[in-house]
Amino acid sequence: MATVDKYEALIQTDRIHGSLYTDEKIFDEEMETIFYRSWVFVGHASELPNPGDYLTRDIGRRSVIMARDQNGGIGVMANRCQHRGNMLCNQNRGNARNFACPYHGWIYDLQGNLLDVPYRQGFKKDFANMGLETLKTEIYRGFVFSTFNPDAVPFADYLGRGFELIDRACDLSPEGEIVLEGGWMRHHFDSNWKMMPENDTDGYHVSFTHRSMMQSLESQYDEFAGEEGKIPGEVRDWGNGHTEIDFTGGYKRPLDWLGTTAEKVPEYVRSLEQAYGEEVAKKRLFDGPPHAAIFPNLFLGEMNIVIFQPVSANTSIQWATPMFLKGARELDFRLLRQCEGALGPSSFLLADDASIAERSQKALLSGTPWCDLSRGLEREKHNDDGVMAGHMTDETSNRGFWNHYKQVMTAE
Amino acid sequence: MATVDKYEALIQTDRIHGSLYTDEKIFDEEMETIFYRSWVFVGHASELPNPGDYLTRDIGRRSVIMARDQNGGIGVMANRCQHRGNMLCNQNRGNARNFACPYHGWIYDLQGNLLDVPYRQGFKKDFANMGLETLKTEIYRGFVFSTFNPDAVPFADYLGRGFELIDRACDLSPEGEIVLEGGWMRHHFDSNWKMMPENDTDGYHVSFTHRSMMQSLESQYDEFAGEEGKIPGEVRDWGNGHTEIDFTGGYKRPLDWLGTTAEKVPEYVRSLEQAYGEEVAKKRLFDGPPHAAIFPNLFLGEMNIVIFQPVSANTSIQWATPMFLKGARELDFRLLRQCEGALGPSSFLLADDASIAERSQKALLSGTPWCDLSRGLEREKHNDDGVMAGHMTDETSNRGFWNHYKQVMTAE
Amino acid sequence: MATVDKYEALIQTDRIHGSLYTDEKIFDEEMETIFYRSWVFVGHASELPNPGDYLTRDIGRRSVIMARDQNGGIGVMANRCQHRGNMLCNQNRGNARNFACPYHGWIYDLQGNLLDVPYRQGFKKDFANMGLETLKTEIYRGFVFSTFNPDAVPFADYLGRGFELIDRACDLSPEGEIVLEGGWMRHHFDSNWKMMPENDTDGYHVSFTHRSMMQSLESQYDEFAGEEGKIPGEVRDWGNGHTEIDFTGGYKRPLDWLGTTAEKVPEYVRSLEQAYGEEVAKKRLFDGPPHAAIFPNLFLGEMNIVIFQPVSANTSIQWATPMFLKGARELDFRLLRQCEGALGPSSFLLADDASIAERSQKALLSGTPWCDLSRGLEREKHNDDGVMAGHMTDETSNRGFWNHYKQVMTAE
Amino acid sequence: MNTLSTERRAALLTFVTHEARLADESEYQAWQDLWAEDGVYWVPRNDGDYSPDKQVSHLYDNYRRIQTRVAQLKTGFRYSQVPVSRMRRLLSNHEYFAEADGRFRVEANFFLPEFSVQAVHDFRLWSGRVTYVVSERGDSYQIHLKKVVLVNADEPIPTLAFLI
Amino acid sequence: MNTLSTERRAALLTFVTHEARLADESEYQAWQDLWAEDGVYWVPRNDGDYSPDKQVSHLYDNYRRIQTRVAQLKTGFRYSQVPVSRMRRLLSNHEYFAEADGRFRVEANFFLPEFSVQAVHDFRLWSGRVTYVVSERGDSYQIHLKKVVLVNADEPIPTLAFLI
Amino acid sequence: MNTLSTERRAALLTFVTHEARLADESEYQAWQDLWAEDGVYWVPRNDGDYSPDKQVSHLYDNYRRIQTRVAQLKTGFRYSQVPVSRMRRLLSNHEYFAEADGRFRVEANFFLPEFSVQAVHDFRLWSGRVTYVVSERGDSYQIHLKKVVLVNADEPIPTLAFLI
Ligand code: FES
Ligand code: FES
Ligand code: FES
Ligand SMILES: [Fe+3]
Ligand SMILES: [Fe+3]
Ligand SMILES: [Fe+3]
C-alpha cells in the first residue's frame with residue numbers, strides 16, 4: 001500500500017519524478033515486479049538453429065539459459081546449478097548435449113532436468129525436484145517471451161496489441177519470418193534502462209540530439225524536422241506500455257525506410273509480391289517496419305531488434321542486431337551497415353542518444369527534480385483503430401510507457 | 001527527534017564519534033541540512049569578468065551554474081533542464097548568450113528564465129513557471145554565497161563574524177578587492193570533507209605531519225614548532241562554525257606571511273600606504289591575511305582561496321586558487337608559486353595532509369571509535385573581542401566547528 | 001529475535017539459502033558476531049622472532065597490530081590512534097621501538113600504552129585510559145588467537161577439539177614447533193569468505209573442479225577419485241565449526257602426504273624418531289598433517305597455513321604460507337614449491353577453486369536460491385572418538401560449519 | 001621473419017605513431033587525409049574471424065563512411081564527443097610484415113585510457129590489438145585497412161564515438 | 001651503457017615481442033617451446049630481493065613445472081582460464097644488457113589489462129617489470145629466466161592462471 | 001619530418017627510458033642529477049596552453065624547487081610517499097625533434113598505473129603526454145624541461161607526491 005502510494009505520487013499525468021531513474025530501491029522493485037513477475041522478451045528462435053544450441057542472457061539481474069532441445073523445442077531456465085548454486089554456463093553461446101556443472105559434476109539435460117549426480121549413493125533426493133528452475137515460455141513468430149512467475153497473466157493479455165507490431169515486422173519477410181543471425185552489439189549506458197524505451201519512441205529530440213547527424217548525412221529522418229504543423233508521422237500509445245513512432249506519414253516512396261528504391265532491390269520486391277500478392281506487398285513496401293517498443297525490454301527498431309537490459313539504477317545495456325528477412329537475405333549487407341550506422345557504440349545515431357542519456361542520469365542524480373511530460377496532452381487523440389496518437393514531437397508515447405509502468409508497479 | 005538525539009550522542013564536548021566521518025546516512029543528512037538548507041560558498045565574482053561568463057560548480061552533490069547576466073548581475077541556478085532533467089552545461093566554464101539544452105532544444109537565458117521551446121504549440125504550460133531552479137544568492141566583497149532554501153536564515157546571521165575575516169583578506173588589496181583569475185587546482189581526497197576544515201585550522205599537527213617539509217624548506221611556519229610555552233599565535237572559534245589559526249603572533253617582520261620583506265615588494269607597500277595611509281598599511285602588512293575556515297565549505301587560506309567539496313562520506317575534493325590582489329598584480333608570480341607549494345596534489349604541504357586524512361579515513365572505516373577533542377578545553381578563553389581562543393596546539397578551533405555542526409544538524 | 005528467526009529460516013538441515021553469501025547486512029552481522037565478538041586466528045608467534053617485531057593484519061574489517069614487546073610477550077591491538085583515529089602503522093610488517101602517530105605525534109609502546117603526547121600541558125586526560133584498544137589474546141603452540149570482546153567465551157571452549165588438530169600439525173616437527181617464515185601469498189577472491197572453509201573441506205569437488213590438474217599432474221589426491229564405494233578417507237565435523245577432510249585412509253606409504261618417501265628425507269625421519277621414538281614417529285610419518293578448518297578463519301591446509309579474510313559480502317582474501325617444521329628446515333624448499341603448487345593465485349589447485357567460487361558468487365547474486373546440503377545426511381556417523389564422520393564426498397564437513405555458524409549467529 | 005629493413009620499420013613506426021597522435025588530438029581532417037580511397041576502418045565485434053558481410057561489427061566504415069564520420073565529428077554537435085575525450089593512447093609490441101602489392105602490415109598492441117568528459121568524468125579503458133595495412137603515398141603512407149580488435153569486443157562496451 | 005649492437009637489440013626486441021604475443025594469445029605449446037631446459041619462470045611476492053628457496057613466491061617454475069602448467073592449461077578444463085582471458089599486454093621502456101656466457105638480459109616495463117571472462121567480466125590490471133635472460137638458439141632465442149615483478153606483488157592479487 | 005639520425009634517436013630513447021626508471025624506483029638523487037640548472041619541471045593544469053606566470057599549475061618547479069622536492073622526499077617523512085608508491089610507467093609513441101641551440105625535444109605518451117600503498121591500497125591511473133627538452137652533457141643528456149600533460153589535468157586528481 002505504501003508502495004502503491006509512492007508510485008501514485010511519483011508518476012503524475014503531466015510529470016514524473018526524477019527518483020524513478022536513480023533510486024536503487026525503486027530499481028529493486030522494478031526487478032521484482034516487472035522483470036521477475038511479468039513477461040519479458042528473451043530472444044529469438046532463429047538464434048538457436050540446431051538442437052543443442054544454447055545462449056545465455058540476463059533477465060533483470062538473473063542469468064538464464066535459452067536452449068533448443070533434441071526435439072527442437074525451446075526452453076528457458078535459470079543458469080544456476082541446483083546443488084550449491086554454481087553458474088552452469090559461462091559462455092555467451094554454444095552447442096551442448098547437456099549441461100555439466102564444473103563444481104561437482106551434476107549433469108542436466110537441455111530442458112533442465114537433472115540427469116545425474118556423481119557418486120549417486122550419497123544423494124537421496126528425488127531428481128524430479130532437483131531440475132533447473134524453468135521459466136514459463138511462449139513463442140510468437142519466433143519471439144521468445146518468458147516469465148519466472150508461473151502465475152503471470154496470460155501471455156496474450158501481456159502482449160495485447162503488440163501482436164500487430166510483431167506482425168508488421170515479420171510480414172516484411174517473403175516467408176513471414178525474421179532471422180537474427182547477425183550477432184548482437186552490446187552498448188553500455190551509464191544511465192537508467194527506462195531512458196532507452198523513452199528515448200527510442202521520442203520524436204521530439206531528433207533535430208536536437210541528432211543535429212550533427214542531420215548536418216552530415218542524408219537520412220530517412222530528414223522529413224521529420226521542420227515546421228511543427230508540417231511534420232508528418234505520429235507517436236502512438238498501443239496500450240500495455242507498448243509505444244511507437246510511426247514514420248509512414250513521412251515516406252515518399254516505397255522502401256524509403258530502407259534508404260533505397262524498388263529498382264535497387266528488385267529481387268526482394270518480386271519475392272514479396274509473389275508471397276503476398278501485389279497489393280499487399282505494395283503497402284508493406286511503402287509502410288515498412290514498425291519503430292515500436294514492446295514493454296518492458298524489446299524494441300522493434302525498424303530493421304533492427306533491440307533489447308533493453310537493466311543492470312542497476314544507473315547502468316544498462318542496449319543490445320542490437322539487424323533483423324534479417326527470411327527469403328530476402330540479399331538485403332543482409334545493407335541491413336548490417338544500417339544497423340551499425342544507427343545503433344551501437346560507434347553509430348551516428350545512438351552514440352549521441354547514449355551520451356544524452358548519461359548527461360540526464362548524472363543531472364538527475366544531482367537532486368531529485370520533476371521531469372515534465374505534458375507535451376501534447378491537449379492534442380493527442382484516439383485513432384480509428386483505438387490507438388492513442390499524438391503529434392510526432394509529443395510525449396504521448398512516453399506517457400503510454402509511464403501509465404502502464406504505474407499500473408504494473410501498483411498492481412496487487 | 002531521533003536524529004537530534006543521534007547527533008547529541010555522537011558529538012560531545014571532549015570527543016566525537018568516528019561514524020560522523022564514515023556513515024553514508026549521516027553524509028546524506030549533511031547534504032540536506034548543511035548544503036541544501038543553509039548557505040554555502042559558490043565562487044567569486046571576479047571569476048566571471050564579462051557578461052555571459054559562466055561556470056559550473058557542485059554544491060554538495062548538486063551541480064549549479066553561476067553566470068553573469070547581460071546586466072552584469074550574478075545568479076546561481078541548478079544545472080538541469082526543467083523539461084526532462086538533462087544536464088544543461090557539461091563544461092567547467094565558458095561564455096554563452098543563453099543555455100540551450102542538447103536533448104530537445106529548450107532555451108534559457110543567463111538568469112535561468114525559459115526563453116523558448118521548439119514546436120511551441122505542443123507545450124501549454126506557462127514559461128514563467130518553467131525556468132531553472134534559482135538559488136537565493138548574496139555577494140559580499142565578491143564572495144558569492146547561495147542557498148537552495150528560500151527560507152534560509154538571513155545571510156548576515158549565517159556569516160556572522162565571517163565578515164571580519166573576509167575583510168581582512170580583501171583589505172590587503174590596495175583597491176580592496178581580490179581577483180580569482182589563477183584557475184583552480186582540484187585535489188581528490190579519499191576522505192571525508194570535514195577533515196578538511198578540521199585539519200586546515202589545526203595547529204597541533206604542523207610539526208608532525210609536515211616534518212619532511214620542516215626539514216627541507218624554511219617557511220613562515222617554522223616559528224610555530226618549539227616549546228609549548230613559547231609557541232606564538234593562537235587558534236580561534238569565531239562562532240557560526242568559522243574557525244581560525246592566527247599566526248600573527250609569530251611574525252617578526254612585515255610581510256613574513258608572504259615570505260618576503262617590504263624591500264622586495266616596494267610597489268605593493270607603496271600602493272597599500274597610498275590607499276589606506278601609512279599606519280593602517282603597516283598593520284596590514286604585518287598581520288597579513290587570515291588563515292580561517294568559513295563554515296561549511298570556504299577556507300581563506302592566507303593568500304589562497306580554498307573550497308571544500310563533499311562527494312561522498314569517503315571522498316571529497318579540495319579546490320585551491322591563489323588570491324590575487326587587485327592593484328598589486330606584480331605579486332601574482334609569487335602567489336602562484338606559493339599556492340602550488342602549499343596547496344594541491346603536488347604541494348609540499350597539503351599532499352601530506354591529504355595522505356594523513358586518507359589514513360584517518362581508512363582507520364575510521366575500520367571500527368567506529370571515539371576521536372578525542374579535549375585538548376586545551378581547560379585553558380581556552382574569550383579574547384577581548386569576544387572570540388574564543390586557545391593555544392596554537394589546542395583543539396579550540398575544531399571544537400568550534402563541531403559545536404556549530406551539532407547546532408545545525410539538530411536544529412528544527 | 002527477528003535475527004534469530006532469520007538465521008533459523010536460512011539455515012536448514014539439508015539446505016541453506018543463497019543470501020547467506022551475498023547479503024551485505026548478513027555480512028555486517030557476521031563481522032559483529034563472529035569476527036568482533038568471538039575468537040579469531042590472528043597470526044603465529046614465529047612471525048615475530050624478535051622484540052619490537054610487529055605486523056598488521058585485518059580481523060574482519062578492522063586492522064590490528066600484532067607485536068612482540070621488549071619482554072618477548074605478544075599482544076594484539078587496534079591499529080588506530082586514540083587521539084583522532086589515525087592509522088598508526090601503514091606497513092605490513094616491521095620492527096619498532098614504539099609506535100608514533102604521524103598526525104600529531106602521540107607515542108605508544110609495543111603493548112599499546114600511551115607513552116607521550118606532544119605539548120603535554122594541553123592534554124589533561126589520564127594516559128592510562130588512552131592506550132590503544134587491546135584484544136584479549138591466547139597463544140597455543142604459537143598460534144595467536146584474539147577477540148575484541150573481553151567477555152568472550154573462554155578460549156578453550158572456543159577452540160574445543162581444535163587443540164587436537166593443531167597438535168597434529170605441530171607434532172610433525174621434531175621440536176614440536178612450526179615456523180611461519182616463508183611469507184604470505186594473498187589471493188583475492190571475488191566471492192564470499194565462507195566459500196573458502198566450505199570448499200577447503202569439501203571432498204566432493206576434487207575430481208571435477210580439479211579435473212585439469214588430475215589430468216596433468218600426479219598427486220596425493222589421485223587416490224580419492226574413483227568408485228564411490230572404494231574412495232578412502234573421510235570428512236569430519238569436529239564440533240565448534242571445525243571441520244576436516246582426512247586423507248590418511250588413502251595413503252599407501254609414509255610421507256605420501258609430502259609427495260616423497262622416507263628414503264628421500266632420511267634426516268627428517270631420523271630426527272622425528274629421535275624426538276618421539278620410532279613408533280610414534282612412524283605413525284606421524286604415515287598420517288601426516290591435518291587438512292582441517294578451524295572456525296572461523298584458520299585453515300590447517302596440510303603443510304600450509306591459511307587465513308580466510310572477509311572483505312565484503314562479495315570479496316575475500318585467502319592468505320597462505322608454507323608450514324616449516326622446526327628441526328627439519330631441510331624440507332623448506334620442498335614445502336615452498338608445494339605451497340605454490342597448491343595454494344595462491346597461480347597454483348594448480350586453488351586458482352581453479354577461486355574461479356569456481358567466483359562463478360558461484362556471481363550466480364548467487366543473480367537470484368536467491370537454496371543451496372543443497374543434504375549429501376550423505378543418512379550415512380554420516382560418529383566415530384569412536386566422538387567426531388562426526390562422513391564419506392569423502394559427503395557434506396558432513398560443510399554441515400558442521402553451518403551448524404556452528406547458525407549457533408553463533410543466533411546466540412544471545 | 002622480419003624481412004623489412006630497419007629504415008622501413010622505422011618509417012612505418014613513425015607513420016602509425018603519427019596516426020595515433022592525430023586520433024588522440026581529435027585532428028579529424030588530418031586523420032581522414034591519411035586514408036586511401038579503398039580504406040576500411042573496422043572494429044569487429046570479436047576477434048574479427050567472421051565476415052563483416054554476415055555479422056554486425058561495432059564499426060565497419062568504407063571510405064565514404066569514414067568521411068561521414070569525420071564530417072559528423074567536425075560539426076561540433078556530435079554530443080558523444082562534446083567535449084572531446086582526453087586521450088593519449090599507447091602503441092607497443094609492434095610487428096611489421098610485407099604484404100602483397102607493395103603494401104605493408106603493421107600490428108601492435110594498444111592501450112587507451114580514455115578520459116571521458118561528456119557526462120561521466122572518469123577513465124574508460126580500451127585495450128586491444130590494431131592492424132594497419134598501408135602503402136606508400138608521397139613521402140609517407142596511406143591507410144588501406146585499420147582493424148582494431150578490442151579485448152572486450154564481445155562484451156558490452158561504452159560509447160565509442162572518438163577515433164580509435 | 002648499452003654495448004649491444006643495434007641489430008642485437010632489434011632481434012631481442014623482436015623475440016620478447018613474440019613471446020608476449022604467444023602469451024596473449026594463449027598459444028601454450030608454442031610458448032613452452034621458447035624455453036630452455038634450465039628455464040626458470042618466476043613471479044616473486046615482492047621485488048624479488050629474496051631467495052626463492054627461503055620465501056614463497058606467487059609462481060616459481062622450473063622447466064618441468066612449466067611443462068605441467070602448460071599441460072594443465074591445454075586440457076581445456078583449467079577452469080580459471082575457461083574461457084581464456086582476453087589479453088593484449090604492452091611492453092615498453094626496454095633495456096638491453098649483455099650477460100656472462102653469451103646470454104642477454106632484456107628488461108621492460110609492462111602493463112596488461114586482462115579482460116577476465118570466467119566469472120567477473122571486467123578488467124583486472126597487471127603492471128610491473130619483466131626481466132628476460134635469453135641465449136641464442138638457432139636463428140632465434142631461448143629463455144633461461146623470465147622474472148615478472150608486479151607493482152602489487154606484496155598485495156592481494158586475483159587469480160593469475162594465464163601466462164604472464 | 002624526423003631529421004634526427006637513428007643513433008641520436010636511440011640515444012634519446014635510452015635517456016628518457018633511464019629517467020623513467022629512476023622516477024619509477026624513487027631514485028631521488030640520481031633523478032635530480034639528470035637536471036640542468038635551468039631545468040623546469042611542469043605539470044600544467046590543462047594542456048599547458050597558458051602561461052604559468054598567470055595561471056596555477058599542479059606543479060611548476062625551477063631547479064631550486066626540484067632540489068627542495070627531492071630533499072623533502074629524501075627525509076623519509078614525506079608521508080604522502082611513505083611507503084613509496086609502486087610504479088612501472090610505460091612510455092611509448094615517442095617522437096623526436098631538433099630544437100634550437102643544439103637541444104632536442106622528445107615527446108611520448110605515457111601510462112602510469114601507480115599502486116598506492118600509503119592508505120588506499122589500489123591503482124591510481126595516470127595517463128598523458130610527456131615532453132622533454134634536453135641537451136648533451138658528457139656522454140649523456142641533461143634535462144631543461146620536462147612537461148607532463150595529464151589527460152585529466154583539468155579534473156580533480158589524487159595526491160601526486162611521487163616523481164611523475
Ligand atoms: S554446485 Fe553444481 S554440482 Fe555442485
Ligand atoms: S530535457 Fe532539456 S529540452 Fe528536453
Ligand atoms: S591522530 Fe594520532 S596523534 Fe593525533
Ligand atoms: Fe535518438
Ligand atoms: Fe597541514
Ligand atoms: Fe579444491
# chains A, B, ... in the order shown; residues from 1 in each chain; ligands from 1
call {"tool": "residues_near_ligand", "arguments": {"ligand": "ligand 2", "cutoff": "6 Å", "atoms": "only C-alpha atoms and all ligand atoms", "output": "PDB file with N, CA, C and O atoms, in the first residue's frame"}}
result
ATOM      1  N   CYS B  81      17.919  20.941 -16.918  1.00  0.00           N
ATOM      2  CA  CYS B  81      16.801  21.399 -17.727  1.00  0.00           C
ATOM      3  C   CYS B  81      15.483  21.065 -17.036  1.00  0.00           C
ATOM      4  O   CYS B  81      15.306  19.979 -16.480  1.00  0.00           O
ATOM      5  N   HIS B  83      12.753  20.535 -18.481  1.00  0.00           N
ATOM      6  CA  HIS B  83      11.939  19.633 -19.275  1.00  0.00           C
ATOM      7  C   HIS B  83      12.110  18.200 -18.743  1.00  0.00           C
ATOM      8  O   HIS B  83      11.400  17.794 -17.846  1.00  0.00           O
ATOM      9  N   ARG B  84      13.077  17.483 -19.227  1.00  0.00           N
ATOM     10  CA  ARG B  84      13.248  16.102 -18.789  1.00  0.00           C
ATOM     11  C   ARG B  84      14.465  15.899 -17.906  1.00  0.00           C
ATOM     12  O   ARG B  84      14.884  14.783 -17.654  1.00  0.00           O
ATOM     13  N   GLY B  85      15.053  17.016 -17.470  1.00  0.00           N
ATOM     14  CA  GLY B  85      16.115  16.892 -16.476  1.00  0.00           C
ATOM     15  C   GLY B  85      17.523  16.767 -17.016  1.00  0.00           C
ATOM     16  O   GLY B  85      18.434  16.424 -16.264  1.00  0.00           O
ATOM     17  N   ASN B  86      17.747  17.035 -18.287  1.00  0.00           N
ATOM     18  CA  ASN B  86      19.100  16.893 -18.806  1.00  0.00           C
ATOM     19  C   ASN B  86      20.059  17.914 -18.202  1.00  0.00           C
ATOM     20  O   ASN B  86      19.655  18.979 -17.754  1.00  0.00           O
ATOM     21  N   CYS B 101      19.457  23.418 -24.189  1.00  0.00           N
ATOM     22  CA  CYS B 101      19.535  22.022 -23.769  1.00  0.00           C
ATOM     23  C   CYS B 101      19.753  21.151 -25.007  1.00  0.00           C
ATOM     24  O   CYS B 101      19.046  21.283 -26.009  1.00  0.00           O
ATOM     25  N   TYR B 103      19.064  18.079 -25.471  1.00  0.00           N
ATOM     26  CA  TYR B 103      18.152  16.963 -25.698  1.00  0.00           C
ATOM     27  C   TYR B 103      17.011  17.366 -26.648  1.00  0.00           C
ATOM     28  O   TYR B 103      16.834  16.781 -27.720  1.00  0.00           O
ATOM     29  N   HIS B 104      16.240  18.412 -26.265  1.00  0.00           N
ATOM     30  CA  HIS B 104      15.129  18.811 -27.125  1.00  0.00           C
ATOM     31  C   HIS B 104      15.141  20.300 -27.446  1.00  0.00           C
ATOM     32  O   HIS B 104      14.151  20.858 -27.901  1.00  0.00           O
ATOM     33  N   GLY B 105      16.262  20.923 -27.096  1.00  0.00           N
ATOM     34  CA  GLY B 105      16.443  22.281 -27.553  1.00  0.00           C
ATOM     35  C   GLY B 105      15.765  23.390 -26.765  1.00  0.00           C
ATOM     36  O   GLY B 105      15.643  24.510 -27.269  1.00  0.00           O
ATOM     37  N   TRP B 106      15.331  23.140 -25.551  1.00  0.00           N
ATOM     38  CA  TRP B 106      14.787  24.241 -24.752  1.00  0.00           C
ATOM     39  C   TRP B 106      15.891  25.259 -24.489  1.00  0.00           C
ATOM     40  O   TRP B 106      17.060  24.901 -24.324  1.00  0.00           O
TER      41      TRP B 106
END
call {"tool": "closest_atom_pairs", "arguments": {"of": "chain A", "to": "chain B", "cutoff": "10 Å", "atoms": "only C-alpha atoms", "output": "CSV"}}
result
residue,atom,partner,partner_atom,distance
A:Arg15,CA,B:Arg84,CA,9.0
A:Ile16,CA,B:Arg84,CA,9.0
A:His17,CA,B:Arg84,CA,9.7
A:Gly18,CA,B:Gly85,CA,7.7
A:Asn199,CA,B:Tyr103,CA,9.9
A:Asp202,CA,B:His104,CA,10.0
A:Gly203,CA,B:His104,CA,9.6
A:Tyr204,CA,B:His104,CA,6.2
A:His205,CA,B:His104,CA,4.6
A:Val206,CA,B:His104,CA,7.7
A:Ser207,CA,B:His104,CA,7.7
A:Phe208,CA,B:His104,CA,5.5
A:Thr209,CA,B:Tyr103,CA,5.2
A:His210,CA,B:Tyr103,CA,8.9
A:Arg211,CA,B:Pro102,CA,9.2
A:Gly226,CA,B:Tyr119,CA,9.3
A:Glu227,CA,B:Tyr119,CA,7.6
A:Glu228,CA,B:Tyr119,CA,5.4
A:Gly229,CA,B:Tyr119,CA,8.7
A:Asp352,CA,B:Tyr103,CA,9.7
A:Asp353,CA,B:Tyr103,CA,8.6
A:Ile356,CA,B:Tyr103,CA,6.5
A:Ala357,CA,B:Asn86,CA,7.9
A:Glu358,CA,B:Asn86,CA,8.8
A:Arg359,CA,B:Met87,CA,5.4
A:Ser360,CA,B:Asn86,CA,4.1
A:Gln361,CA,B:Asn86,CA,7.6
A:Lys362,CA,B:Met87,CA,7.3
A:Ala363,CA,B:Met87,CA,5.0
A:Leu364,CA,B:Gly85,CA,6.3
A:Leu365,CA,B:Arg61,CA,7.9
A:Ser366,CA,B:Arg62,CA,4.4
A:Gly367,CA,B:Arg62,CA,5.8
A:Thr368,CA,B:Gly85,CA,9.2
A:Pro369,CA,B:Gly85,CA,7.2
A:Trp370,CA,B:Gly85,CA,7.6
A:Cys371,CA,B:Arg84,CA,4.4
A:Asp372,CA,B:His83,CA,5.0
A:Leu373,CA,B:Arg84,CA,7.7
A:Ser374,CA,B:Phe123,CA,7.1
A:Arg375,CA,B:Phe123,CA,5.0
A:Gly376,CA,B:Gly122,CA,4.8
A:Leu377,CA,B:Gly122,CA,8.0
A:Glu378,CA,B:Gly122,CA,8.0
A:Arg379,CA,B:Gly122,CA,7.6
A:Glu380,CA,B:Gly122,CA,9.8
A:Gly390,CA,B:Gly122,CA,9.8
A:His391,CA,B:Gly122,CA,8.1
A:Thr393,CA,B:Tyr119,CA,7.7
A:Asp394,CA,B:Gly122,CA,6.7
A:Glu395,CA,B:Gly122,CA,9.3
call {"tool": "select_by_dssp", "arguments": {"residues": "chain D", "states": "alpha helix (DSSP H)", "output": "PyMOL selection string"}}
result
chain D and resi 6-24+28-32+63-74
call {"tool": "interface_residues", "arguments": {"of": "chain E", "to": "chain F", "cutoff": "10 Å", "atoms": "only C-alpha atoms", "output": "mmCIF file with C-alpha atoms, in the first residue's frame"}}
result
data_model
loop_
_atom_site.group_PDB
_atom_site.id
_atom_site.type_symbol
_atom_site.label_atom_id
_atom_site.label_comp_id
_atom_site.auth_asym_id
_atom_site.auth_seq_id
_atom_site.Cartn_x
_atom_site.Cartn_y
_atom_site.Cartn_z
ATOM 1 C CA MET E 1 75.943 1.694 -21.105
ATOM 2 C CA ASN E 2 74.343 -0.113 -23.998
ATOM 3 C CA THR E 6 71.511 -2.090 -32.878
ATOM 4 C CA LEU E 90 52.163 -3.728 -23.594
ATOM 5 C CA LEU E 91 55.915 -3.967 -23.149
ATOM 6 C CA SER E 92 57.895 -0.759 -23.228
ATOM 7 C CA ASN E 93 60.907 1.039 -21.736
ATOM 8 C CA HIS E 94 63.088 -1.860 -22.847
ATOM 9 C CA GLU E 95 66.667 -2.019 -21.616
ATOM 10 C CA TYR E 96 69.233 -4.450 -23.009
ATOM 11 C CA ALA E 108 60.981 -3.881 -19.778
ATOM 12 C CA ASN E 109 58.012 -2.380 -18.031
ATOM 13 C CA PHE E 110 54.698 -3.921 -18.884
ATOM 14 C CA PHE E 111 51.019 -3.302 -18.481
ATOM 15 C CA LEU E 125 45.090 -4.673 -14.147
ATOM 16 C CA TRP E 126 48.586 -6.143 -14.094
ATOM 17 C CA SER E 127 51.530 -3.800 -14.013
ATOM 18 C CA GLY E 128 55.189 -4.429 -13.391
ATOM 19 C CA ARG E 129 58.606 -5.097 -14.792
ATOM 20 C CA VAL E 149 57.813 -8.310 -10.730
ATOM 21 C CA LEU E 150 54.341 -6.946 -10.159
ATOM 22 C CA VAL E 151 53.917 -3.493 -8.658
ATOM 23 C CA ASN E 152 51.427 -5.072 -6.292
ATOM 24 C CA ALA E 153 53.426 -8.233 -5.745
ATOM 25 C CA GLU E 155 49.371 -7.170 -2.066
ATOM 26 C CA PRO E 156 46.358 -9.424 -2.514
#
call {"tool": "select_by_dssp", "arguments": {"residues": "range 298-362 of chain B", "states": "strand (DSSP E)", "output": "list in words"}}
result
Leu298, Phe299, Leu300, Gly301, Asn304, Ile305, Val306, Ile307, Phe308, Gln309, Pro310, Val311, Ser312, Thr315, Ser316, Ile317, Gln318, Trp319, Ala320, Thr321, Pro322, Phe324 and Leu325 of chain B
call {"tool": "residues_around", "arguments": {"residues": "His58 in chain F", "least_positions_apart": "6", "cutoff": "6 Å", "atoms": "only C-alpha atoms", "output": "list of chain:residue names"}}
result
F:Val43, F:Pro44, F:Arg45
call {"tool": "write_last_selection", "arguments": {"atoms": "N, CA and C atoms", "output": "CSV table (one decimal), in the first residue's frame"}}
result
chain,number,residue,atom,x,y,z
F,43,VAL,N,53.9,20.3,-14.5
F,43,VAL,CA,52.7,19.6,-14.7
F,43,VAL,C,51.5,20.6,-14.8
F,44,PRO,N,51.2,21.0,-16.0
F,44,PRO,CA,50.2,22.1,-16.1
F,44,PRO,C,48.8,21.6,-15.7
F,45,ARG,N,47.9,22.5,-15.5
F,45,ARG,CA,46.5,22.2,-15.0
F,45,ARG,C,45.6,22.0,-16.2
call {"tool": "interface_residues", "arguments": {"of": "chain C", "to": "chain E", "cutoff": "7 Å", "atoms": "only C-alpha atoms", "output": "list in words"}}
result
Gly182, Gly183, Met185, Arg186, His187, His188, Phe189, Arg211, Ser212, Met213, Ser216, Leu217, Ile317, Phe333, Leu336, Glu340, Gly344, Pro345, Ser346, Ala351, Asp352, Ser355, Glu358, Arg359 and Lys362 of chain C
call {"tool": "write_last_selection", "arguments": {"atoms": "C-alpha atoms", "output": "mmCIF file, in the first residue's frame"}}
result
data_model
loop_
_atom_site.group_PDB
_atom_site.id
_atom_site.type_symbol
_atom_site.label_atom_id
_atom_site.label_comp_id
_atom_site.auth_asym_id
_atom_site.auth_seq_id
_atom_site.Cartn_x
_atom_site.Cartn_y
_atom_site.Cartn_z
ATOM 1 C CA GLY C 182 58.031 -18.124 4.305
ATOM 2 C CA GLY C 183 55.907 -15.041 3.772
ATOM 3 C CA MET C 185 50.673 -15.111 -0.583
ATOM 4 C CA ARG C 186 47.431 -13.198 -0.600
ATOM 5 C CA HIS C 187 44.875 -14.307 -3.133
ATOM 6 C CA HIS C 188 41.919 -12.074 -3.860
ATOM 7 C CA PHE C 189 38.584 -13.831 -4.454
ATOM 8 C CA ARG C 211 39.975 -32.233 -13.475
ATOM 9 C CA SER C 212 42.703 -30.359 -15.345
ATOM 10 C CA MET C 213 45.193 -30.933 -12.564
ATOM 11 C CA SER C 216 48.329 -33.199 -15.987
ATOM 12 C CA LEU C 217 49.972 -33.975 -12.673
ATOM 13 C CA ILE C 317 41.329 -12.755 0.600
ATOM 14 C CA PHE C 333 62.440 -25.928 -0.436
ATOM 15 C CA LEU C 336 57.750 -23.812 -0.658
ATOM 16 C CA GLU C 340 52.988 -22.533 -4.607
ATOM 17 C CA GLY C 344 47.754 -18.970 -4.210
ATOM 18 C CA PRO C 345 46.835 -17.162 -7.406
ATOM 19 C CA SER C 346 48.985 -19.208 -9.806
ATOM 20 C CA ALA C 351 43.362 -20.998 -8.835
ATOM 21 C CA ASP C 352 40.540 -23.194 -10.067
ATOM 22 C CA SER C 355 37.305 -19.250 -10.226
ATOM 23 C CA GLU C 358 33.620 -16.557 -8.245
ATOM 24 C CA ARG C 359 31.234 -18.326 -10.619
ATOM 25 C CA LYS C 362 28.015 -14.410 -9.479
#
